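**Student:** Below is the file model-v6.cif, with mmCIF, C-alpha atoms.
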```cif
data_start
#
loop_
_atom_site.group_PDB
_atom_site.id
_atom_site.type_symbol
_atom_site.label_atom_id
_atom_site.label_comp_id
_atom_site.auth_asym_id
_atom_site.auth_seq_id
_atom_site.Cartn_x
_atom_site.Cartn_y
_atom_site.Cartn_z
ATOM 1 C CA MET P 468 0.000 0.000 0.000
ATOM 2 C CA ARG P 469 2.881 2.362 0.723
ATOM 3 C CA ARG P 470 4.311 1.843 -2.764
ATOM 4 C CA ARG P 471 0.918 2.459 -4.328
ATOM 5 C CA ARG P 472 0.494 5.623 -2.267
ATOM 6 C CA GLU P 473 4.002 6.857 -3.184
ATOM 7 C CA ALA P 474 3.206 6.282 -6.858
ATOM 8 C CA THR P 475 0.360 8.818 -6.571
ATOM 9 C CA GLY P 476 2.742 11.447 -5.219
ATOM 10 C CA LYS P 477 0.614 11.887 -2.113
ATOM 11 C CA PRO P 478 1.995 11.942 1.451
ATOM 12 C CA PRO P 479 2.232 8.672 3.387
ATOM 13 C CA MET P 480 -0.828 7.288 5.125
ATOM 14 C CA ILE P 481 -0.951 5.752 8.584
ATOM 15 C CA TYR P 482 -2.417 2.262 8.766
ATOM 16 C CA GLY P 483 -4.124 1.030 11.914
ATOM 17 C CA MET P 484 -6.263 -1.809 13.175
ATOM 18 C CA ALA P 485 -8.512 -2.424 16.169
ATOM 19 C CA ALA P 486 -8.025 -5.703 18.010
ATOM 20 C CA TYR P 487 -9.090 -7.413 21.206
ATOM 21 C CA ALA P 488 -6.145 -8.836 23.177
ATOM 22 C CA ILE P 489 -6.132 -11.684 25.689
ATOM 23 C CA VAL P 490 -2.720 -12.438 27.204
ATOM 24 C CA ARG P 491 -2.325 -15.549 29.327
ATOM 25 C CA ASP P 492 0.639 -17.655 30.413
ATOM 26 C CA SER P 493 -0.484 -20.562 28.241
ATOM 27 C CA GLU P 494 -2.610 -21.177 25.177
ATOM 28 C CA ALA P 495 -5.004 -23.270 27.316
ATOM 29 C CA GLU P 496 -5.563 -20.359 29.720
ATOM 30 C CA ALA P 497 -6.137 -17.992 26.799
ATOM 31 C CA LYS P 498 -8.668 -20.369 25.261
ATOM 32 C CA ALA P 499 -10.493 -20.651 28.586
ATOM 33 C CA GLU P 500 -10.722 -16.856 28.791
ATOM 34 C CA ILE P 501 -11.964 -16.504 25.216
ATOM 35 C CA ASP P 502 -14.561 -19.188 25.910
ATOM 36 C CA ARG P 503 -15.618 -17.327 29.053
ATOM 37 C CA ILE P 504 -16.093 -13.949 27.375
ATOM 38 C CA THR P 505 -17.736 -15.281 24.206
ATOM 39 C CA THR P 506 -20.115 -17.833 25.700
ATOM 40 C CA LEU P 507 -23.334 -15.907 25.542
ATOM 41 C CA ASP P 508 -26.890 -16.358 26.565
ATOM 42 C CA PRO P 509 -28.721 -15.818 23.260
ATOM 43 C CA ASN P 510 -31.541 -14.208 25.256
ATOM 44 C CA ALA P 511 -29.260 -11.683 26.977
ATOM 45 C CA PRO P 512 -29.994 -8.012 26.292
ATOM 46 C CA GLY P 513 -28.060 -6.736 23.302
ATOM 47 C CA PHE P 514 -27.786 -10.098 21.564
ATOM 48 C CA ASP P 515 -31.428 -10.836 20.895
ATOM 49 C CA ASN P 516 -31.268 -8.807 17.674
ATOM 50 C CA PHE P 517 -28.138 -10.531 16.309
ATOM 51 C CA ASP P 518 -29.986 -12.367 13.519
ATOM 52 C CA GLN P 519 -31.856 -9.213 12.563
ATOM 53 C CA TRP P 520 -28.636 -7.198 12.504
ATOM 54 C CA LEU P 521 -26.837 -9.858 10.462
ATOM 55 C CA SER P 522 -29.639 -10.063 7.887
ATOM 56 C CA GLY P 523 -29.339 -6.316 7.309
ATOM 57 C CA THR P 524 -25.604 -6.350 6.585
ATOM 58 C CA GLN P 525 -23.764 -6.995 3.365
ATOM 59 C CA LEU P 526 -20.789 -8.752 4.901
ATOM 60 C CA GLU P 527 -18.796 -10.964 2.570
ATOM 61 C CA ARG P 528 -18.406 -13.765 5.112
ATOM 62 C CA GLU P 529 -20.498 -15.388 7.761
ATOM 63 C CA LEU P 530 -20.337 -13.575 11.075
ATOM 64 C CA LYS P 531 -20.465 -15.690 14.199
ATOM 65 C CA LEU P 532 -22.143 -14.699 17.439
ATOM 66 C CA GLN P 533 -18.702 -15.087 19.055
ATOM 67 C CA GLU P 534 -17.337 -12.280 16.869
ATOM 68 C CA TYR P 535 -20.387 -10.143 17.582
ATOM 69 C CA SER P 536 -19.719 -10.484 21.321
ATOM 70 C CA VAL P 537 -16.433 -8.550 21.024
ATOM 71 C CA SER P 538 -16.701 -5.129 19.402
ATOM 72 C CA ASN P 539 -15.183 -4.417 15.994
ATOM 73 C CA ARG P 540 -14.827 -8.162 15.403
ATOM 74 C CA GLY P 541 -11.616 -7.650 17.363
ATOM 75 C CA LEU P 542 -10.821 -11.353 17.704
ATOM 76 C CA ARG P 543 -9.935 -11.725 14.018
ATOM 77 C CA PRO P 544 -6.325 -10.480 14.418
ATOM 78 C CA ARG P 545 -5.756 -13.431 16.809
ATOM 79 C CA LEU P 546 -4.061 -11.495 19.592
ATOM 80 C CA VAL P 547 -5.108 -14.238 21.982
ATOM 81 C CA GLY P 548 -2.610 -16.532 23.646
ATOM 82 C CA SER P 549 0.762 -16.559 25.317
ATOM 83 C CA PRO P 550 2.885 -13.410 25.479
ATOM 84 C CA GLU P 551 5.234 -14.939 22.896
ATOM 85 C CA HIS P 552 2.366 -15.657 20.481
ATOM 86 C CA ILE P 553 1.001 -12.127 20.794
ATOM 87 C CA ALA P 554 4.453 -10.565 20.347
ATOM 88 C CA GLU P 555 4.911 -12.626 17.168
ATOM 89 C CA ARG P 556 1.511 -11.475 15.837
ATOM 90 C CA VAL P 557 2.315 -7.809 16.598
ATOM 91 C CA GLU P 558 5.695 -8.165 14.884
ATOM 92 C CA ALA P 559 3.998 -9.714 11.833
ATOM 93 C CA PHE P 560 1.535 -6.812 11.618
ATOM 94 C CA ASP P 561 4.441 -4.377 11.952
ATOM 95 C CA ALA P 562 6.335 -6.159 9.160
ATOM 96 C CA ALA P 563 3.223 -5.932 6.982
ATOM 97 C CA GLY P 564 3.243 -2.145 7.422
ATOM 98 C CA LEU P 565 0.769 -1.583 10.233
ATOM 99 C CA ASP P 566 1.516 1.632 12.136
ATOM 100 C CA LEU P 567 -1.080 1.530 14.904
ATOM 101 C CA LEU P 568 -2.834 -1.082 17.029
ATOM 102 C CA LEU P 569 -5.902 0.068 18.937
ATOM 103 C CA LEU P 570 -6.268 -2.576 21.630
ATOM 104 C CA GLN P 571 -9.351 -3.452 23.606
ATOM 105 C CA MET P 572 -9.205 -5.607 26.734
ATOM 106 C CA SER P 573 -11.451 -6.404 29.669
ATOM 107 C CA PRO P 574 -11.207 -5.655 32.492
ATOM 108 C CA GLN P 575 -9.230 -2.795 30.979
ATOM 109 C CA ALA P 576 -6.861 -1.754 33.796
ATOM 110 C CA GLU P 577 -5.834 -5.269 34.824
ATOM 111 C CA GLU P 578 -5.386 -6.501 31.274
ATOM 112 C CA MET P 579 -3.391 -3.396 30.294
ATOM 113 C CA GLU P 580 -0.992 -4.128 33.143
ATOM 114 C CA ARG P 581 -0.659 -7.739 32.021
ATOM 115 C CA PHE P 582 -0.087 -6.753 28.368
ATOM 116 C CA SER P 583 2.496 -4.176 29.371
ATOM 117 C CA ALA P 584 4.403 -6.493 31.691
ATOM 118 C CA GLN P 585 4.262 -9.662 29.604
ATOM 119 C CA VAL P 586 4.219 -8.489 25.987
ATOM 120 C CA ILE P 587 5.631 -4.972 25.642
ATOM 121 C CA ARG P 588 8.479 -4.929 28.160
ATOM 122 C CA PRO P 589 10.072 -8.280 27.250
ATOM 123 C CA ALA P 590 9.589 -7.710 23.529
ATOM 124 C CA SER P 591 11.878 -4.762 22.976
ATOM 125 C CA VAL P 592 12.008 -5.924 19.362
ATOM 126 C CA PHE P 593 8.894 -3.866 18.544
ATOM 127 C CA ALA P 594 9.671 -1.188 16.046
ATOM 128 C CA PRO P 595 9.666 2.247 17.690
ATOM 129 C CA GLU P 596 7.343 3.544 14.983
ATOM 130 C CA MET P 597 4.585 1.032 15.905
ATOM 131 C CA SER P 598 2.020 2.695 18.166
ATOM 132 C CA LEU P 599 -0.106 0.728 20.600
ATOM 133 C CA VAL P 600 -3.231 2.487 21.860
ATOM 134 C CA ILE P 601 -4.897 0.665 24.715
#
```
For the file at hand, write its structure as structure tokens.
**Tutor:**
Amino acid sequence: MRRRREATGKPPMIYGMAAYAIVRDSEAEAKAEIDRITTLDPNAPGFDNFDQWLSGTQLERELKLQEYSVSNRGLRPRLVGSPEHIAERVEAFDAAGLDLLLLQMSPQAEEMERFSAQVIRPASVFAPEMSLVI
């Protein structure tokens, strides 16, 4: 995309992505947490109109209730797992040209602390130009 933008003679663009992050010591713990936050009562307020909402969209792929349970379909970037897995995913997005990650977590304060301690601090390999917004 950068090459295409340069070819137009226009200034560089900044590329960003929203994602939901779940950092756990093991893949099994991360899976348990994702199961916990995405196991929904179909009769719970806010989810009873899922089928109606889905029928009114023009999405190119099937959307699962699990994705609907986390805003912005934030699970698709797969920032769920061990600190090493998440660092590898962030590095891959950086290598692909992503400039900004807008991260969502819950509960926010506790998960931000975990992400900072287990992913950011040990992984000093992150490019300084990559911005993380939590």
**Student:** Quick one: everything within 6 Å of Arg491 of chain P, counting all atoms listed in the file, minus sequence neighbours fewer than 6 positions away in the same chain. Send it as a list in words.
**Tutor:**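 That gives Ala497, Gly548 and Ser549 of chain P.
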**Student:** Go through P:Val547, P:Leu542, P:Ala495, P:Met480 one by one, measure the shortest atom-to-atom distance of each to Val586 of chain P using only C-alpha atoms, and give the residue with the smallest value.
**Tutor:**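 The answer is P:Val547, which sits nearest to Val586 of chain P.
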**Student:** Using the chain letters and residue numbers of this document, give as a PyMOL selection string the residues selected by the PyMOL selection byres ((chain P and resi 582) around 12).
**Tutor:** chain P and resi 487-492+546-551+553-554+570-581+583-590+599-601
**Student:** For atom CA of Gly541 of chain P and atom CA of Arg469 of chain P, quote the distance in Å rounded to one decimal.
**Tutor:** 24.2 Å
**Student:** Please measure the separation of atom CA of Arg471 of chain P and atom CA of Leu568 of chain P, giving the value in Å to one decimal.
**Tutor:** 22.0 Å
**Student:** Name every residue that the PyMOL selection byres ((chain P and resi 564) around 10) selects in this structure, writing the answer as a list in words with chains first and numbers rising.
**Tutor:** Met468, Arg469, Ile481, Tyr482, Gly483, Glu558, Ala559, Phe560, Asp561, Ala562, Ala563, Leu565, Asp566, Leu567 and Met597 of chain P
**Student:** Output segment 484-509 of chain P as a PDB file, in the coordinates of the input, making sure N, CA, C and O atoms are there.
**Tutor:**
```pdb
ATOM      1  N   MET P 484      -5.305  -0.710  13.047  1.00  0.00           N
ATOM      2  CA  MET P 484      -6.263  -1.809  13.175  1.00  0.00           C
ATOM      3  C   MET P 484      -6.704  -1.900  14.629  1.00  0.00           C
ATOM      4  O   MET P 484      -5.894  -1.764  15.545  1.00  0.00           O
ATOM      5  N   ALA P 485      -7.987  -2.149  14.835  1.00  0.00           N
ATOM      6  CA  ALA P 485      -8.512  -2.424  16.169  1.00  0.00           C
ATOM      7  C   ALA P 485      -8.432  -3.927  16.419  1.00  0.00           C
ATOM      8  O   ALA P 485      -8.638  -4.721  15.511  1.00  0.00           O
ATOM      9  N   ALA P 486      -8.115  -4.285  17.650  1.00  0.00           N
ATOM     10  CA  ALA P 486      -8.025  -5.703  18.010  1.00  0.00           C
ATOM     11  C   ALA P 486      -8.339  -5.875  19.489  1.00  0.00           C
ATOM     12  O   ALA P 486      -8.132  -4.970  20.295  1.00  0.00           O
ATOM     13  N   TYR P 487      -8.835  -7.037  19.824  1.00  0.00           N
ATOM     14  CA  TYR P 487      -9.090  -7.413  21.206  1.00  0.00           C
ATOM     15  C   TYR P 487      -7.953  -8.336  21.621  1.00  0.00           C
ATOM     16  O   TYR P 487      -7.649  -9.301  20.916  1.00  0.00           O
ATOM     17  N   ALA P 488      -7.303  -8.049  22.744  1.00  0.00           N
ATOM     18  CA  ALA P 488      -6.145  -8.836  23.177  1.00  0.00           C
ATOM     19  C   ALA P 488      -6.451  -9.590  24.467  1.00  0.00           C
ATOM     20  O   ALA P 488      -7.039  -9.032  25.395  1.00  0.00           O
ATOM     21  N   ILE P 489      -6.040 -10.853  24.489  1.00  0.00           N
ATOM     22  CA  ILE P 489      -6.132 -11.684  25.689  1.00  0.00           C
ATOM     23  C   ILE P 489      -4.770 -12.339  25.869  1.00  0.00           C
ATOM     24  O   ILE P 489      -4.371 -13.192  25.076  1.00  0.00           O
ATOM     25  N   VAL P 490      -4.055 -11.911  26.909  1.00  0.00           N
ATOM     26  CA  VAL P 490      -2.720 -12.438  27.204  1.00  0.00           C
ATOM     27  C   VAL P 490      -2.835 -13.378  28.403  1.00  0.00           C
ATOM     28  O   VAL P 490      -3.333 -12.984  29.449  1.00  0.00           O
ATOM     29  N   ARG P 491      -2.365 -14.586  28.226  1.00  0.00           N
ATOM     30  CA  ARG P 491      -2.325 -15.549  29.327  1.00  0.00           C
ATOM     31  C   ARG P 491      -1.010 -16.305  29.255  1.00  0.00           C
ATOM     32  O   ARG P 491      -0.340 -16.327  28.218  1.00  0.00           O
ATOM     33  N   ASP P 492      -0.638 -16.945  30.353  1.00  0.00           N
ATOM     34  CA  ASP P 492       0.639 -17.655  30.413  1.00  0.00           C
ATOM     35  C   ASP P 492       0.693 -18.846  29.469  1.00  0.00           C
ATOM     36  O   ASP P 492       1.771 -19.249  29.036  1.00  0.00           O
ATOM     37  N   SER P 493      -0.459 -19.401  29.141  1.00  0.00           N
ATOM     38  CA  SER P 493      -0.484 -20.562  28.241  1.00  0.00           C
ATOM     39  C   SER P 493      -1.638 -20.421  27.254  1.00  0.00           C
ATOM     40  O   SER P 493      -2.583 -19.667  27.481  1.00  0.00           O
ATOM     41  N   GLU P 494      -1.536 -21.177  26.177  1.00  0.00           N
ATOM     42  CA  GLU P 494      -2.610 -21.177  25.177  1.00  0.00           C
ATOM     43  C   GLU P 494      -3.905 -21.711  25.779  1.00  0.00           C
ATOM     44  O   GLU P 494      -4.994 -21.222  25.467  1.00  0.00           O
ATOM     45  N   ALA P 495      -3.808 -22.700  26.678  1.00  0.00           N
ATOM     46  CA  ALA P 495      -5.004 -23.270  27.316  1.00  0.00           C
ATOM     47  C   ALA P 495      -5.714 -22.220  28.167  1.00  0.00           C
ATOM     48  O   ALA P 495      -6.952 -22.122  28.139  1.00  0.00           O
ATOM     49  N   GLU P 496      -4.954 -21.408  28.909  1.00  0.00           N
ATOM     50  CA  GLU P 496      -5.563 -20.359  29.720  1.00  0.00           C
ATOM     51  C   GLU P 496      -6.210 -19.293  28.835  1.00  0.00           C
ATOM     52  O   GLU P 496      -7.282 -18.774  29.169  1.00  0.00           O
ATOM     53  N   ALA P 497      -5.574 -18.977  27.727  1.00  0.00           N
ATOM     54  CA  ALA P 497      -6.137 -17.992  26.799  1.00  0.00           C
ATOM     55  C   ALA P 497      -7.430 -18.510  26.192  1.00  0.00           C
ATOM     56  O   ALA P 497      -8.407 -17.770  26.066  1.00  0.00           O
ATOM     57  N   LYS P 498      -7.450 -19.789  25.823  1.00  0.00           N
ATOM     58  CA  LYS P 498      -8.668 -20.369  25.261  1.00  0.00           C
ATOM     59  C   LYS P 498      -9.790 -20.368  26.288  1.00  0.00           C
ATOM     60  O   LYS P 498     -10.940 -20.067  25.960  1.00  0.00           O
ATOM     61  N   ALA P 499      -9.474 -20.672  27.536  1.00  0.00           N
ATOM     62  CA  ALA P 499     -10.493 -20.651  28.586  1.00  0.00           C
ATOM     63  C   ALA P 499     -11.078 -19.249  28.745  1.00  0.00           C
ATOM     64  O   ALA P 499     -12.289 -19.089  28.928  1.00  0.00           O
ATOM     65  N   GLU P 500     -10.244 -18.232  28.665  1.00  0.00           N
ATOM     66  CA  GLU P 500     -10.722 -16.856  28.791  1.00  0.00           C
ATOM     67  C   GLU P 500     -11.569 -16.458  27.591  1.00  0.00           C
ATOM     68  O   GLU P 500     -12.614 -15.828  27.743  1.00  0.00           O
ATOM     69  N   ILE P 501     -11.156 -16.845  26.392  1.00  0.00           N
ATOM     70  CA  ILE P 501     -11.964 -16.504  25.216  1.00  0.00           C
ATOM     71  C   ILE P 501     -13.303 -17.231  25.271  1.00  0.00           C
ATOM     72  O   ILE P 501     -14.338 -16.670  24.914  1.00  0.00           O
ATOM     73  N   ASP P 502     -13.298 -18.466  25.746  1.00  0.00           N
ATOM     74  CA  ASP P 502     -14.561 -19.188  25.910  1.00  0.00           C
ATOM     75  C   ASP P 502     -15.452 -18.481  26.924  1.00  0.00           C
ATOM     76  O   ASP P 502     -16.656 -18.344  26.730  1.00  0.00           O
ATOM     77  N   ARG P 503     -14.843 -18.000  28.009  1.00  0.00           N
ATOM     78  CA  ARG P 503     -15.618 -17.327  29.053  1.00  0.00           C
ATOM     79  C   ARG P 503     -16.283 -16.057  28.529  1.00  0.00           C
ATOM     80  O   ARG P 503     -17.464 -15.830  28.750  1.00  0.00           O
ATOM     81  N   ILE P 504     -15.529 -15.239  27.802  1.00  0.00           N
ATOM     82  CA  ILE P 504     -16.093 -13.949  27.375  1.00  0.00           C
ATOM     83  C   ILE P 504     -16.991 -14.059  26.157  1.00  0.00           C
ATOM     84  O   ILE P 504     -17.740 -13.138  25.865  1.00  0.00           O
ATOM     85  N   THR P 505     -16.921 -15.164  25.428  1.00  0.00           N
ATOM     86  CA  THR P 505     -17.736 -15.281  24.206  1.00  0.00           C
ATOM     87  C   THR P 505     -18.866 -16.296  24.336  1.00  0.00           C
ATOM     88  O   THR P 505     -19.607 -16.488  23.379  1.00  0.00           O
ATOM     89  N   THR P 506     -18.985 -16.931  25.483  1.00  0.00           N
ATOM     90  CA  THR P 506     -20.115 -17.833  25.700  1.00  0.00           C
ATOM     91  C   THR P 506     -21.275 -16.968  26.159  1.00  0.00           C
ATOM     92  O   THR P 506     -21.236 -16.389  27.248  1.00  0.00           O
ATOM     93  N   LEU P 507     -22.255 -16.852  25.314  1.00  0.00           N
ATOM     94  CA  LEU P 507     -23.334 -15.907  25.542  1.00  0.00           C
ATOM     95  C   LEU P 507     -24.682 -16.595  25.694  1.00  0.00           C
ATOM     96  O   LEU P 507     -24.945 -17.612  25.075  1.00  0.00           O
ATOM     97  N   ASP P 508     -25.489 -15.967  26.483  1.00  0.00           N
ATOM     98  CA  ASP P 508     -26.890 -16.358  26.565  1.00  0.00           C
ATOM     99  C   ASP P 508     -27.581 -15.682  25.386  1.00  0.00           C
ATOM    100  O   ASP P 508     -27.623 -14.446  25.320  1.00  0.00           O
ATOM    101  N   PRO P 509     -28.101 -16.449  24.435  1.00  0.00           N
ATOM    102  CA  PRO P 509     -28.721 -15.818  23.260  1.00  0.00           C
ATOM    103  C   PRO P 509     -29.899 -14.915  23.625  1.00  0.00           C
ATOM    104  O   PRO P 509     -30.313 -14.087  22.832  1.00  0.00           O
TER     105      PRO P 509
END
```
